[in-house]
>>> print(open('my_file-v1.pdb').read())   # PDB, C-alpha atoms and all ligand atoms
MODEL        1
ATOM      1  CA  MET A 668      17.813 -24.225  -3.331
ATOM      2  CA  LYS A 669      16.583 -23.366   0.168
ATOM      3  CA  GLY A 670      13.891 -25.423   1.937
ATOM      4  CA  GLU A 671      11.707 -22.491   2.920
ATOM      5  CA  VAL A 672      11.808 -18.695   2.745
ATOM      6  CA  VAL A 673       9.615 -16.295   4.747
ATOM      7  CA  VAL A 674       9.194 -12.655   3.708
ATOM      8  CA  ALA A 675       7.500  -9.770   5.540
ATOM      9  CA  ALA A 676       5.783  -7.368   3.118
ATOM     10  CA  PRO A 677       4.524  -4.014   4.456
ATOM     11  CA  ALA A 678       1.338  -2.107   3.656
ATOM     12  CA  LYS A 679       1.671   1.250   1.902
ATOM     13  CA  ILE A 680      -0.023   4.577   2.400
ATOM     14  CA  ASN A 681       0.076   7.694   0.192
ATOM     15  CA  LEU A 682       1.078  10.949   1.898
ATOM     16  CA  CYS A 683      -0.132  12.751  -1.203
ATOM     17  CA  LEU A 684      -1.957  11.278  -4.155
ATOM     18  CA  GLY A 685      -2.193  13.609  -7.135
ATOM     19  CA  VAL A 686      -4.328  12.081  -9.896
ATOM     20  CA  GLY A 687      -4.516  13.399 -13.469
ATOM     21  CA  PRO A 688      -7.029  12.814 -16.274
ATOM     22  CA  VAL A 689      -7.464   9.194 -17.377
ATOM     23  CA  ARG A 690      -4.940   8.079 -20.044
ATOM     24  CA  GLY A 691      -5.646   6.206 -23.252
ATOM     25  CA  ASP A 692      -4.700   2.903 -21.564
ATOM     26  CA  GLY A 693      -7.306   3.394 -18.803
ATOM     27  CA  TYR A 694      -4.749   4.294 -16.103
ATOM     28  CA  HIS A 695      -4.414   7.682 -14.437
ATOM     29  CA  PRO A 696      -1.134   9.618 -14.250
ATOM     30  CA  LEU A 697      -0.073   9.914 -10.609
ATOM     31  CA  ALA A 698       2.215  12.174  -8.604
ATOM     32  CA  THR A 699       2.420  10.524  -5.214
ATOM     33  CA  VAL A 700       4.587  10.061  -2.152
ATOM     34  CA  TYR A 701       4.370   6.534  -0.845
ATOM     35  CA  GLN A 702       5.262   5.424   2.663
ATOM     36  CA  ALA A 703       5.588   1.815   3.839
ATOM     37  CA  ILE A 704       4.168   1.220   7.322
ATOM     38  CA  GLY A 705       4.707  -1.478   9.928
ATOM     39  CA  LEU A 706       1.678  -3.624   9.137
ATOM     40  CA  TYR A 707       2.831  -6.787   7.385
ATOM     41  CA  ASP A 708       1.611  -9.731   5.375
ATOM     42  CA  GLU A 709       3.886 -12.764   5.699
ATOM     43  CA  ILE A 710       4.628 -14.793   2.579
ATOM     44  CA  THR A 711       6.164 -18.267   2.932
ATOM     45  CA  VAL A 712       7.374 -20.251  -0.090
ATOM     46  CA  ARG A 713       8.594 -23.846  -0.332
ATOM     47  CA  PRO A 714       9.700 -25.845  -3.395
ATOM     48  CA  ALA A 715       6.904 -27.901  -4.978
ATOM     49  CA  GLY A 716       6.095 -29.572  -8.264
ATOM     50  CA  GLU A 717       2.920 -27.581  -8.763
ATOM     51  CA  GLN A 718       1.976 -23.998  -7.901
ATOM     52  CA  SER A 719      -0.354 -23.792  -4.888
ATOM     53  CA  LEU A 720      -1.561 -21.090  -2.521
ATOM     54  CA  THR A 721      -3.147 -20.994   0.921
ATOM     55  CA  VAL A 722      -4.310 -17.669   2.353
ATOM     56  CA  VAL A 723      -4.903 -17.367   6.092
ATOM     57  CA  GLY A 724      -6.450 -14.222   7.574
ATOM     58  CA  GLU A 725      -5.063 -12.991  10.890
ATOM     59  CA  ASP A 726      -7.990 -10.880  12.053
ATOM     60  CA  VAL A 727      -8.667 -10.079   8.365
ATOM     61  CA  ASP A 728     -11.507 -11.349   6.157
ATOM     62  CA  VAL A 729      -9.805 -13.210   3.298
ATOM     63  CA  SER A 730     -12.971 -14.663   1.738
ATOM     64  CA  GLY A 731     -12.565 -12.358  -1.297
ATOM     65  CA  VAL A 732      -8.942 -13.321  -1.976
ATOM     66  CA  PRO A 733      -8.534 -15.730  -4.910
ATOM     67  CA  THR A 734      -6.248 -18.738  -4.335
ATOM     68  CA  ASP A 735      -6.018 -19.787  -7.986
ATOM     69  CA  GLU A 736      -3.561 -18.565 -10.618
ATOM     70  CA  THR A 737      -5.342 -15.177 -10.805
ATOM     71  CA  ASN A 738      -3.856 -14.270  -7.386
ATOM     72  CA  LEU A 739      -1.237 -11.555  -7.898
ATOM     73  CA  ALA A 740       1.315 -13.268  -5.635
ATOM     74  CA  LEU A 741       1.143 -16.515  -7.651
ATOM     75  CA  ARG A 742       1.391 -14.464 -10.851
ATOM     76  CA  ALA A 743       4.505 -12.842  -9.378
ATOM     77  CA  ALA A 744       6.076 -16.269  -8.752
ATOM     78  CA  SER A 745       5.232 -17.348 -12.310
ATOM     79  CA  ALA A 746       6.615 -14.135 -13.828
ATOM     80  CA  LEU A 747       9.928 -14.547 -11.981
ATOM     81  CA  ALA A 748      10.133 -18.250 -12.935
ATOM     82  CA  LEU A 749       9.519 -17.360 -16.582
ATOM     83  CA  ARG A 750      12.233 -14.694 -16.515
ATOM     84  CA  HIS A 751      14.797 -17.238 -15.276
ATOM     85  CA  GLY A 752      13.550 -20.281 -17.180
ATOM     86  CA  ILE A 753      12.642 -22.088 -13.949
ATOM     87  CA  ASP A 754      10.160 -24.965 -14.236
ATOM     88  CA  ASP A 755       9.707 -25.582 -10.482
ATOM     89  CA  GLY A 756       6.509 -24.571  -8.756
ATOM     90  CA  VAL A 757       6.118 -23.212  -5.234
ATOM     91  CA  GLU A 758       3.841 -23.984  -2.350
ATOM     92  CA  MET A 759       2.905 -20.533  -1.044
ATOM     93  CA  LEU A 760       1.297 -19.506   2.240
ATOM     94  CA  ILE A 761       0.133 -15.930   2.842
ATOM     95  CA  ARG A 762      -0.691 -14.828   6.374
ATOM     96  CA  LYS A 763      -2.739 -11.681   5.837
ATOM     97  CA  ARG A 764      -2.795  -8.851   8.343
ATOM     98  CA  ILE A 765      -3.243  -6.077   5.761
ATOM     99  CA  PRO A 766      -6.990  -5.570   5.169
ATOM    100  CA  VAL A 767      -8.249  -6.634   1.730
ATOM    101  CA  ALA A 768      -9.394  -3.791  -0.617
ATOM    102  CA  GLY A 769      -8.549  -1.258   2.101
ATOM    103  CA  GLY A 770      -6.457   1.224   0.110
ATOM    104  CA  LEU A 771      -3.284  -0.189   1.702
ATOM    105  CA  ALA A 772      -1.960  -2.179  -1.300
ATOM    106  CA  GLY A 773      -2.309  -5.551   0.436
ATOM    107  CA  GLY A 774      -2.438  -7.517  -2.828
ATOM    108  CA  SER A 775       0.547  -5.589  -4.189
ATOM    109  CA  ALA A 776       2.471  -6.241  -0.963
ATOM    110  CA  ASP A 777       1.841  -9.980  -1.388
ATOM    111  CA  ALA A 778       3.095  -9.829  -4.990
ATOM    112  CA  ALA A 779       6.221  -7.922  -3.908
ATOM    113  CA  GLY A 780       6.719 -10.432  -1.086
ATOM    114  CA  ALA A 781       6.341 -13.372  -3.488
ATOM    115  CA  LEU A 782       8.969 -11.901  -5.845
ATOM    116  CA  VAL A 783      11.481 -11.393  -3.029
ATOM    117  CA  ALA A 784      10.697 -14.804  -1.497
ATOM    118  CA  CYS A 785      10.994 -16.770  -4.754
ATOM    119  CA  ASP A 786      14.160 -14.898  -5.735
ATOM    120  CA  ALA A 787      15.729 -16.065  -2.453
ATOM    121  CA  LEU A 788      14.283 -19.606  -2.694
ATOM    122  CA  TRP A 789      15.628 -20.149  -6.209
ATOM    123  CA  GLY A 790      18.875 -18.253  -5.590
ATOM    124  CA  THR A 791      18.228 -16.287  -8.781
ATOM    125  CA  ASP A 792      19.612 -13.057  -7.288
ATOM    126  CA  THR A 793      17.659 -10.902  -9.745
ATOM    127  CA  PRO A 794      19.184  -7.413 -10.165
ATOM    128  CA  ARG A 795      17.036  -4.764  -8.437
ATOM    129  CA  GLU A 796      16.172  -2.975 -11.734
ATOM    130  CA  GLU A 797      14.959  -6.227 -13.276
ATOM    131  CA  LEU A 798      12.909  -7.121 -10.182
ATOM    132  CA  LEU A 799      11.240  -3.686 -10.313
ATOM    133  CA  GLU A 800      10.477  -4.136 -14.009
ATOM    134  CA  ILE A 801       8.751  -7.471 -13.294
ATOM    135  CA  ALA A 802       6.967  -5.812 -10.348
ATOM    136  CA  ALA A 803       5.681  -2.991 -12.592
ATOM    137  CA  GLY A 804       4.213  -5.591 -14.971
ATOM    138  CA  LEU A 805       2.173  -7.018 -12.090
ATOM    139  CA  GLY A 806       0.581  -3.804 -10.762
ATOM    140  CA  SER A 807       1.124  -0.084 -10.253
ATOM    141  CA  ASP A 808       1.938  -0.333  -6.511
ATOM    142  CA  VAL A 809       4.092  -3.473  -6.627
ATOM    143  CA  PRO A 810       7.471  -1.752  -7.312
ATOM    144  CA  PHE A 811       6.991   0.509  -4.289
ATOM    145  CA  CYS A 812       6.130  -2.487  -2.101
ATOM    146  CA  VAL A 813       9.535  -3.956  -3.050
ATOM    147  CA  VAL A 814      11.388  -0.681  -2.363
ATOM    148  CA  GLY A 815       9.556   0.521   0.797
ATOM    149  CA  GLY A 816      10.618   3.492   2.931
ATOM    150  CA  THR A 817       9.303   6.804   1.653
ATOM    151  CA  ALA A 818       9.391   7.285  -2.128
ATOM    152  CA  LEU A 819       8.069   9.417  -4.953
ATOM    153  CA  GLY A 820       5.814   7.618  -7.414
ATOM    154  CA  SER A 821       5.026   8.745 -10.976
ATOM    155  CA  GLY A 822       3.719   7.278 -14.234
ATOM    156  CA  ARG A 823       0.748   5.157 -13.141
ATOM    157  CA  GLY A 824       2.538   4.768  -9.777
ATOM    158  CA  GLU A 825       5.037   2.155 -10.980
ATOM    159  CA  LEU A 826       7.998   4.556 -11.376
ATOM    160  CA  VAL A 827       9.525   4.889  -7.930
ATOM    161  CA  SER A 828      12.425   6.936  -6.598
ATOM    162  CA  PRO A 829      13.403   7.066  -2.902
ATOM    163  CA  ALA A 830      12.730  10.391  -1.162
ATOM    164  CA  MET A 831      15.053  12.183   1.273
ATOM    165  CA  THR A 832      13.099  12.287   4.511
ATOM    166  CA  ARG A 833      13.551  12.662   8.215
ATOM    167  CA  GLY A 834      11.383  11.532  11.082
ATOM    168  CA  ARG A 835       9.506   8.475  12.114
ATOM    169  CA  TYR A 836       5.743   8.750  12.447
ATOM    170  CA  TRP A 837       2.928   6.711  13.896
ATOM    171  CA  TRP A 838      -0.223   6.188  11.851
ATOM    172  CA  VAL A 839      -3.613   5.228  13.259
ATOM    173  CA  LEU A 840      -5.679   3.243  10.758
ATOM    174  CA  ALA A 841      -9.481   3.238  10.983
ATOM    175  CA  LEU A 842     -10.756   0.196   9.087
ATOM    176  CA  THR A 843     -14.216  -0.588   7.780
ATOM    177  CA  ASP A 844     -15.756  -4.009   7.151
ATOM    178  CA  ASP A 845     -16.435  -3.502   3.428
ATOM    179  CA  GLY A 846     -13.519  -2.806   1.109
ATOM    180  CA  LEU A 847     -13.623  -0.444  -1.859
ATOM    181  CA  SER A 848     -12.493  -1.634  -5.294
ATOM    182  CA  THR A 849      -9.747   0.569  -6.738
ATOM    183  CA  PRO A 850     -11.251   0.720 -10.281
ATOM    184  CA  THR A 851     -14.626   1.765  -8.781
ATOM    185  CA  VAL A 852     -13.001   4.698  -6.958
ATOM    186  CA  TYR A 853     -11.093   5.789 -10.070
ATOM    187  CA  GLY A 854     -14.373   5.501 -11.993
ATOM    188  CA  GLU A 855     -16.055   7.813  -9.485
ATOM    189  CA  PHE A 856     -13.075  10.206  -9.805
ATOM    190  CA  ASP A 857     -13.628  10.267 -13.614
ATOM    191  CA  ARG A 858     -17.350  10.882 -13.148
ATOM    192  CA  MET A 859     -16.652  13.812 -10.809
ATOM    193  CA  HIS A 860     -14.205  15.296 -13.328
ATOM    194  CA  ALA A 861     -16.362  14.741 -16.417
ATOM    195  CA  GLN A 862     -17.060  18.482 -16.803
ATOM    196  CA  ALA A 863     -13.782  19.879 -15.437
ATOM    197  CA  PRO A 864     -10.826  17.576 -16.262
ATOM    198  CA  ALA A 865      -8.268  17.170 -13.475
ATOM    199  CA  PRO A 866      -4.989  19.067 -13.994
ATOM    200  CA  GLU A 867      -1.693  17.207 -14.440
ATOM    201  CA  PRO A 868      -0.748  16.030 -10.940
ATOM    202  CA  GLU A 869       2.182  17.371  -8.915
ATOM    203  CA  VAL A 870       3.691  16.530  -5.538
ATOM    204  CA  PRO A 871       3.141  19.601  -3.299
ATOM    205  CA  ASN A 872       6.363  21.456  -2.359
ATOM    206  CA  GLU A 873       5.040  21.862   1.207
ATOM    207  CA  LEU A 874       4.882  18.087   1.600
ATOM    208  CA  MET A 875       8.471  17.555   0.461
ATOM    209  CA  ALA A 876       9.648  20.408   2.712
ATOM    210  CA  ALA A 877       7.804  18.863   5.677
ATOM    211  CA  LEU A 878       9.361  15.451   4.985
ATOM    212  CA  ARG A 879      12.864  16.917   4.621
ATOM    213  CA  SER A 880      12.583  18.755   7.944
ATOM    214  CA  GLY A 881      10.617  16.062   9.782
ATOM    215  CA  ASP A 882       8.145  18.725  10.968
ATOM    216  CA  ILE A 883       5.014  16.761  11.881
ATOM    217  CA  GLU A 884       2.727  19.827  12.064
ATOM    218  CA  LEU A 885       3.648  20.839   8.509
ATOM    219  CA  LEU A 886       3.373  17.239   7.354
ATOM    220  CA  GLY A 887      -0.119  16.940   8.816
ATOM    221  CA  LYS A 888      -1.265  20.060   6.964
ATOM    222  CA  ALA A 889       0.357  18.971   3.683
ATOM    223  CA  LEU A 890      -1.336  15.534   3.444
ATOM    224  CA  THR A 891      -3.564  15.371   0.320
ATOM    225  CA  ASN A 892      -5.454  12.775  -1.664
ATOM    226  CA  ASP A 893      -7.235  13.544  -4.956
ATOM    227  CA  LEU A 894      -9.189  10.286  -4.618
ATOM    228  CA  GLN A 895     -10.644  11.380  -1.276
ATOM    229  CA  PRO A 896     -13.716  13.190  -2.726
ATOM    230  CA  ALA A 897     -14.479  10.074  -4.799
ATOM    231  CA  ALA A 898     -14.134   7.835  -1.708
ATOM    232  CA  PHE A 899     -16.399  10.248   0.234
ATOM    233  CA  GLY A 900     -18.907  10.119  -2.637
ATOM    234  CA  LEU A 901     -19.042   6.331  -2.406
ATOM    235  CA  ARG A 902     -18.839   6.145   1.429
ATOM    236  CA  PRO A 903     -20.253   9.381   2.935
ATOM    237  CA  GLU A 904     -19.483   8.207   6.495
ATOM    238  CA  LEU A 905     -15.744   8.525   5.773
ATOM    239  CA  GLU A 906     -16.062  12.303   5.514
ATOM    240  CA  ASP A 907     -17.271  12.516   9.133
ATOM    241  CA  LEU A 908     -14.499  10.209  10.269
ATOM    242  CA  VAL A 909     -11.764  12.342   8.670
ATOM    243  CA  ALA A 910     -13.393  15.546   9.969
ATOM    244  CA  ALA A 911     -13.527  14.102  13.506
ATOM    245  CA  GLY A 912      -9.867  13.127  13.166
ATOM    246  CA  LEU A 913      -8.935  16.679  12.170
ATOM    247  CA  ARG A 914     -10.833  18.091  15.173
ATOM    248  CA  GLY A 915      -9.033  15.709  17.547
ATOM    249  CA  SER A 916      -5.381  15.626  18.563
ATOM    250  CA  ALA A 917      -4.048  13.990  15.365
ATOM    251  CA  HIS A 918      -1.738  16.201  13.270
ATOM    252  CA  GLY A 919      -3.562  15.265  10.062
ATOM    253  CA  ALA A 920      -6.182  12.892   8.687
ATOM    254  CA  LEU A 921      -7.041  11.564   5.232
ATOM    255  CA  VAL A 922      -8.327   8.604   3.262
ATOM    256  CA  SER A 923      -5.613   6.045   2.443
ATOM    257  CA  GLY A 924      -5.164   5.586  -1.321
ATOM    258  CA  SER A 925      -8.497   4.580  -2.837
ATOM    259  CA  GLY A 926      -9.953   3.935   0.644
ATOM    260  CA  PRO A 927     -11.901   3.088   2.661
ATOM    261  CA  THR A 928      -9.173   2.983   5.371
ATOM    262  CA  CYS A 929      -8.711   6.409   7.017
ATOM    263  CA  LEU A 930      -5.343   7.521   8.400
ATOM    264  CA  PHE A 931      -4.489   9.741  11.353
ATOM    265  CA  LEU A 932      -0.982  11.130  11.816
ATOM    266  CA  THR A 933       0.486  10.986  15.321
ATOM    267  CA  GLU A 934       3.907  11.692  16.796
ATOM    268  CA  SER A 935       4.555   8.720  19.083
ATOM    269  CA  GLU A 936       3.200   5.312  19.918
ATOM    270  CA  SER A 937       1.497   6.692  23.037
ATOM    271  CA  HIS A 938      -0.125   9.465  20.970
ATOM    272  CA  ALA A 939      -1.248   6.803  18.473
ATOM    273  CA  VAL A 940      -2.817   4.755  21.275
ATOM    274  CA  GLU A 941      -4.630   7.878  22.544
ATOM    275  CA  VAL A 942      -6.075   8.617  19.068
ATOM    276  CA  ARG A 943      -6.827   4.935  18.569
ATOM    277  CA  ASN A 944      -8.776   4.810  21.842
ATOM    278  CA  SER A 945     -10.795   7.876  20.804
ATOM    279  CA  LEU A 946     -11.955   5.990  17.678
ATOM    280  CA  VAL A 947     -12.917   2.690  19.319
ATOM    281  CA  GLY A 948     -16.664   2.233  18.955
ATOM    282  CA  SER A 949     -17.055   4.598  15.980
ATOM    283  CA  VAL A 950     -15.335   2.237  13.483
ATOM    284  CA  PRO A 951     -15.257  -1.577  13.316
ATOM    285  CA  LYS A 952     -11.492  -1.864  13.812
ATOM    286  CA  VAL A 953      -8.548   0.415  14.609
ATOM    287  CA  LEU A 954      -4.814  -0.331  14.311
ATOM    288  CA  HIS A 955      -1.639   1.689  14.656
ATOM    289  CA  ALA A 956       1.681   1.278  12.876
ATOM    290  CA  PRO A 957       4.967   3.170  12.479
ATOM    291  CA  GLY A 958       6.315   4.519   9.202
ATOM    292  CA  PRO A 959       8.509   4.534   7.247
ATOM    293  CA  VAL A 960       9.703   0.908   7.283
ATOM    294  CA  PRO A 961      11.727  -1.034   4.670
ATOM    295  CA  GLY A 962      10.058  -2.835   1.746
ATOM    296  CA  ALA A 963       9.453  -6.585   1.382
ATOM    297  CA  ARG A 964      12.357  -8.492   2.960
ATOM    298  CA  VAL A 965      13.399 -11.992   3.945
ATOM    299  CA  ILE A 966      12.901 -12.577   7.681
ATOM    300  CA  ARG A 967      13.645 -16.353   7.749
TER     301      ARG A 967
HETATM  302  O1  LIG A1001      -2.090  -1.340 -11.578
HETATM  303  P1  LIG A1001      -3.187  -2.049 -10.846
HETATM  304  O2  LIG A1001      -3.518  -3.368 -11.493
HETATM  305  O3  LIG A1001      -2.942  -2.194  -9.395
HETATM  306  O4  LIG A1001      -4.456  -1.127 -10.988
HETATM  307  C1  LIG A1001      -5.748  -1.592 -10.661
HETATM  308  C2  LIG A1001      -6.774  -0.693 -11.304
HETATM  309  O5  LIG A1001      -6.741   0.608 -10.672
HETATM  310  C3  LIG A1001      -6.556  -0.412 -12.772
HETATM  311  O6  LIG A1001      -7.159  -1.385 -13.565
HETATM  312  C4  LIG A1001      -7.238   0.952 -12.938
HETATM  313  O7  LIG A1001      -8.633   0.797 -13.018
HETATM  314  C5  LIG A1001      -6.948   1.636 -11.627
HETATM  315  N1  LIG A1001      -5.745   2.494 -11.690
HETATM  316  C6  LIG A1001      -5.795   3.676 -12.394
HETATM  317  N2  LIG A1001      -4.695   4.482 -12.451
HETATM  318  C7  LIG A1001      -3.574   4.159 -11.793
HETATM  319  C8  LIG A1001      -3.495   2.962 -11.046
HETATM  320  C9  LIG A1001      -4.615   2.153 -11.011
HETATM  321  O8  LIG A1001      -6.822   4.010 -13.003
HETATM  322  N3  LIG A1001      -2.513   4.977 -11.835
ENDMDL
END
>>> encode(input="my_file-v1.pdb", output="structure tokens", more="lines below")
Ligand code: C5P
Amino acid sequence: MKGEVVVAAPAKINLCLGVGPVRGDGYHPLATVYQAIGLYDEITVRPAGEQSLTVVGEDVDVSGVPTDETNLALRAASALALRHGIDDGVEMLIRKRIPVAGGLAGGSADAAGALVACDALWGTDTPREELLEIAAGLGSDVPFCVVGGTALGSGRGELVSPAMTRGRYWWVLALTDDGLSTPTVYGEFDRMHAQAPAPEPEVPNELMAALRSGDIELLGKALTNDLQPAAFGLRPELEDLVAAGLRGSAHGALVSGSGPTCLFLTESESHAVEVRNSLVGSVPKVLHAPGPVPGARVIR
């Protein structure tokens, strides 16, 4: 067994997020294209008798993150231990840079990171398929956070297949102070579709064509998110932010996942910095990050 393993786990965004009518199990069928971006939480695990967790925010408010056994990353460690009949605990440290409840799958990234970290710590060498199955049991976005890159997501988001894409993009992220809870946004989506049920979701052909060719103009126009009207309903100021982004030099703008983070598509780091500078003062915090990047991986 190793003494310590450190994993970097990236945030995710959705380039399209098609959402269908709520299923009998309370989840919504999705047709999405995920992309992992270069904004990372760092998960460190060490052998220990008991399970323990410390969460440190790096310019992120972590006061809402549980550190008991309800934390998804600790549940990930327990699920992997159970699968392999391992009795050992882990001492886990999460350095959070991905905003909490921001629509960037920060909690899912931590769970994916914990799976990859514990698998390396214990030398269990879990086959990829099995790791993804455990990941799917933890949350809809967790399998993608293991896989990374750019990938199609279906089912409730947990069924992931890598997508053929070209191009590297830079995303500007406009962050707000108050997160949005994912179930609340889906609830608002259901309320908005109470009279006219949403159709079965599909990934737009234009989006896949844009990703295959690496054409940033087409990509910008093809970005969609069915949860965006619900996020606007709950946070009206986001609508102005996206509209301002579309009027500016960004190639596209939309709400990330269930929000409230808003995304702006740019073609280079210098373009990202230009868009970022144009947003300073109108939102509490702005970041930029490249995409796609690989999924959760051991860095030490
Ligand atoms: O799968 P996960 O635990 O991350 O989902 C959190 C919540 O988000 C679910 O309890 C559900 O309310 C909502 N959700 C949904 N449909 C999905 C994914 C998530 O309604 N496809």
>>> residues_around(input="my_file-v1.pdb", residues="A:Met831", least_positions_apart="4", cutoff="9 Å", atoms="only C-alpha atoms", output="ChimeraX atom specification")
/A:817-818,875,878-879
>>> closest_atom_pairs(input="my_file-v1.pdb", of="chain A", to="ligand LIG 1001 (chain A)", cutoff="7 Å", atoms="only C-alpha atoms and all ligand atoms", output="JSON lines")
{"residue": "A:Val689", "atom": "CA", "partner": "A:LIG1001", "partner_atom": "O8", "distance": 6.8}
{"residue": "A:Gly693", "atom": "CA", "partner": "A:LIG1001", "partner_atom": "O8", "distance": 5.9}
{"residue": "A:Tyr694", "atom": "CA", "partner": "A:LIG1001", "partner_atom": "N2", "distance": 3.7}
{"residue": "A:His695", "atom": "CA", "partner": "A:LIG1001", "partner_atom": "N2", "distance": 3.8}
{"residue": "A:Pro696", "atom": "CA", "partner": "A:LIG1001", "partner_atom": "N3", "distance": 5.4}
{"residue": "A:Leu697", "atom": "CA", "partner": "A:LIG1001", "partner_atom": "N3", "distance": 5.6}
{"residue": "A:Leu805", "atom": "CA", "partner": "A:LIG1001", "partner_atom": "O2", "distance": 6.8}
{"residue": "A:Gly806", "atom": "CA", "partner": "A:LIG1001", "partner_atom": "O1", "distance": 3.7}
{"residue": "A:Ser807", "atom": "CA", "partner": "A:LIG1001", "partner_atom": "O1", "distance": 3.7}
{"residue": "A:Asp808", "atom": "CA", "partner": "A:LIG1001", "partner_atom": "O3", "distance": 6.0}
{"residue": "A:Arg823", "atom": "CA", "partner": "A:LIG1001", "partner_atom": "N3", "distance": 3.5}
{"residue": "A:Gly824", "atom": "CA", "partner": "A:LIG1001", "partner_atom": "N3", "distance": 5.5}
{"residue": "A:Thr849", "atom": "CA", "partner": "A:LIG1001", "partner_atom": "O5", "distance": 5.0}
{"residue": "A:Pro850", "atom": "CA", "partner": "A:LIG1001", "partner_atom": "O7", "distance": 3.8}
{"residue": "A:Tyr853", "atom": "CA", "partner": "A:LIG1001", "partner_atom": "O8", "distance": 5.5}
>>> residues_around(input="my_file-v1.pdb", residues="A:Pro688", least_positions_apart="4", cutoff="9 Å", atoms="all atoms listed in the file", output="list in words")
Tyr694, His695, Pro696, Asp857, His860, Pro864, Ala865, Pro866, Glu867 and Pro868 of chain A
>>> write_last_selection(input="my_file-v1.pdb", atoms="C-alpha atoms", output="PDB file, in the frame of the given file")
ATOM      1  CA  TYR A 694      -4.749   4.294 -16.103  1.00  0.00           C
ATOM      2  CA  HIS A 695      -4.414   7.682 -14.437  1.00  0.00           C
ATOM      3  CA  PRO A 696      -1.134   9.618 -14.250  1.00  0.00           C
ATOM      4  CA  ASP A 857     -13.628  10.267 -13.614  1.00  0.00           C
ATOM      5  CA  HIS A 860     -14.205  15.296 -13.328  1.00  0.00           C
ATOM      6  CA  PRO A 864     -10.826  17.576 -16.262  1.00  0.00           C
ATOM      7  CA  ALA A 865      -8.268  17.170 -13.475  1.00  0.00           C
ATOM      8  CA  PRO A 866      -4.989  19.067 -13.994  1.00  0.00           C
ATOM      9  CA  GLU A 867      -1.693  17.207 -14.440  1.00  0.00           C
ATOM     10  CA  PRO A 868      -0.748  16.030 -10.940  1.00  0.00           C
TER      11      PRO A 868
END
>>> resolve_selection(input="my_file-v1.pdb", expression="the PyMOL selection byres (((chain A and resi 743) around 7) and not hetatm)", output="list in words")
Leu739, Ala740, Leu741, Arg742, Ala744, Ser745, Ala746, Leu747, Ala778, Ala781, Leu782 and Leu805 of chain A
>>> closest_residue(input="my_file-v1.pdb", among="A:Leu682, A:Cys812, A:Leu720, A:Ala772", to="A:Gly887", atoms="only C-alpha atoms")
A:Leu682
>>> residues_near_point(input="my_file-v1.pdb", point="(-16.8, 1.7, 4.2)", cutoff="8 Å", atoms="all atoms listed in the file", output="short mmCIF file (atom, residue, chain, number, x, y, z; two decimals) with C-alpha atoms, in the coordinates of the input")
data_model
loop_
_atom_site.label_atom_id
_atom_site.label_comp_id
_atom_site.auth_asym_id
_atom_site.auth_seq_id
_atom_site.Cartn_x
_atom_site.Cartn_y
_atom_site.Cartn_z
CA LEU A 842 -10.76 0.20 9.09
CA THR A 843 -14.22 -0.59 7.78
CA ASP A 844 -15.76 -4.01 7.15
CA ASP A 845 -16.43 -3.50 3.43
CA GLY A 846 -13.52 -2.81 1.11
CA LEU A 847 -13.62 -0.44 -1.86
CA ARG A 902 -18.84 6.14 1.43
CA GLU A 904 -19.48 8.21 6.50
CA LEU A 905 -15.74 8.52 5.77
CA PRO A 927 -11.90 3.09 2.66
CA THR A 928 -9.17 2.98 5.37
#
>>> atom_distance(input="my_file-v1.pdb", atom1="atom CA of A:Ala698", atom2="atom CA of A:Gly820")
5.9 Å
>>> residues_around(input="my_file-v1.pdb", residues="A:Leu886", least_positions_apart="3", cutoff="12 Å", atoms="only C-alpha atoms", output="PyMOL selection string")
chain A and resi 682-683+700+832-836+871-883+889-891+917-920+931-934
>>> atom_distance(input="my_file-v1.pdb", atom1="atom CA of A:Gln718", atom2="atom CA of A:Arg750")
16.3 Å
>>> closest_residue(input="my_file-v1.pdb", among="A:Ala861, A:Leu788, A:Val839, A:Ala897", to="A:Ser935", atoms="only C-alpha atoms")
A:Val839
>>> resolve_selection(input="my_file-v1.pdb", expression="the PyMOL selection byres (((chain A and resi 960) around 8) and not hetatm)", output="compact mmCIF listing (two decimals) with C-alpha atoms, in the frame of the given file")
# COMPACT_ATOMS: atom_id res chain seq x y z
CA PRO A 677 4.52 -4.01 4.46
CA GLN A 702 5.26 5.42 2.66
CA ALA A 703 5.59 1.82 3.84
CA ILE A 704 4.17 1.22 7.32
CA GLY A 705 4.71 -1.48 9.93
CA GLY A 815 9.56 0.52 0.80
CA GLY A 816 10.62 3.49 2.93
CA PRO A 957 4.97 3.17 12.48
CA GLY A 958 6.32 4.52 9.20
CA PRO A 959 8.51 4.53 7.25
CA PRO A 961 11.73 -1.03 4.67
CA GLY A 962 10.06 -2.84 1.75
>>> resolve_selection(input="my_file-v1.pdb", expression="the PyMOL selection byres (((chain A and resi 724) around 10) and not hetatm)", output="list in words")
Asp708, Val722, Val723, Glu725, Asp726, Val727, Asp728, Val729, Ser730, Val732, Ile761, Arg762, Lys763, Arg764, Ile765, Pro766 and Val767 of chain A
>>> write_last_selection(input="my_file-v1.pdb", atoms="C-alpha atoms", output="short mmCIF file (atom, residue, chain, number, x, y, z; two decimals), in the coordinates of the input")
data_model
loop_
_atom_site.label_atom_id
_atom_site.label_comp_id
_atom_site.auth_asym_id
_atom_site.auth_seq_id
_atom_site.Cartn_x
_atom_site.Cartn_y
_atom_site.Cartn_z
CA ASP A 708 1.61 -9.73 5.38
CA VAL A 722 -4.31 -17.67 2.35
CA VAL A 723 -4.90 -17.37 6.09
CA GLU A 725 -5.06 -12.99 10.89
CA ASP A 726 -7.99 -10.88 12.05
CA VAL A 727 -8.67 -10.08 8.36
CA ASP A 728 -11.51 -11.35 6.16
CA VAL A 729 -9.80 -13.21 3.30
CA SER A 730 -12.97 -14.66 1.74
CA VAL A 732 -8.94 -13.32 -1.98
CA ILE A 761 0.13 -15.93 2.84
CA ARG A 762 -0.69 -14.83 6.37
CA LYS A 763 -2.74 -11.68 5.84
CA ARG A 764 -2.80 -8.85 8.34
CA ILE A 765 -3.24 -6.08 5.76
CA PRO A 766 -6.99 -5.57 5.17
CA VAL A 767 -8.25 -6.63 1.73
#
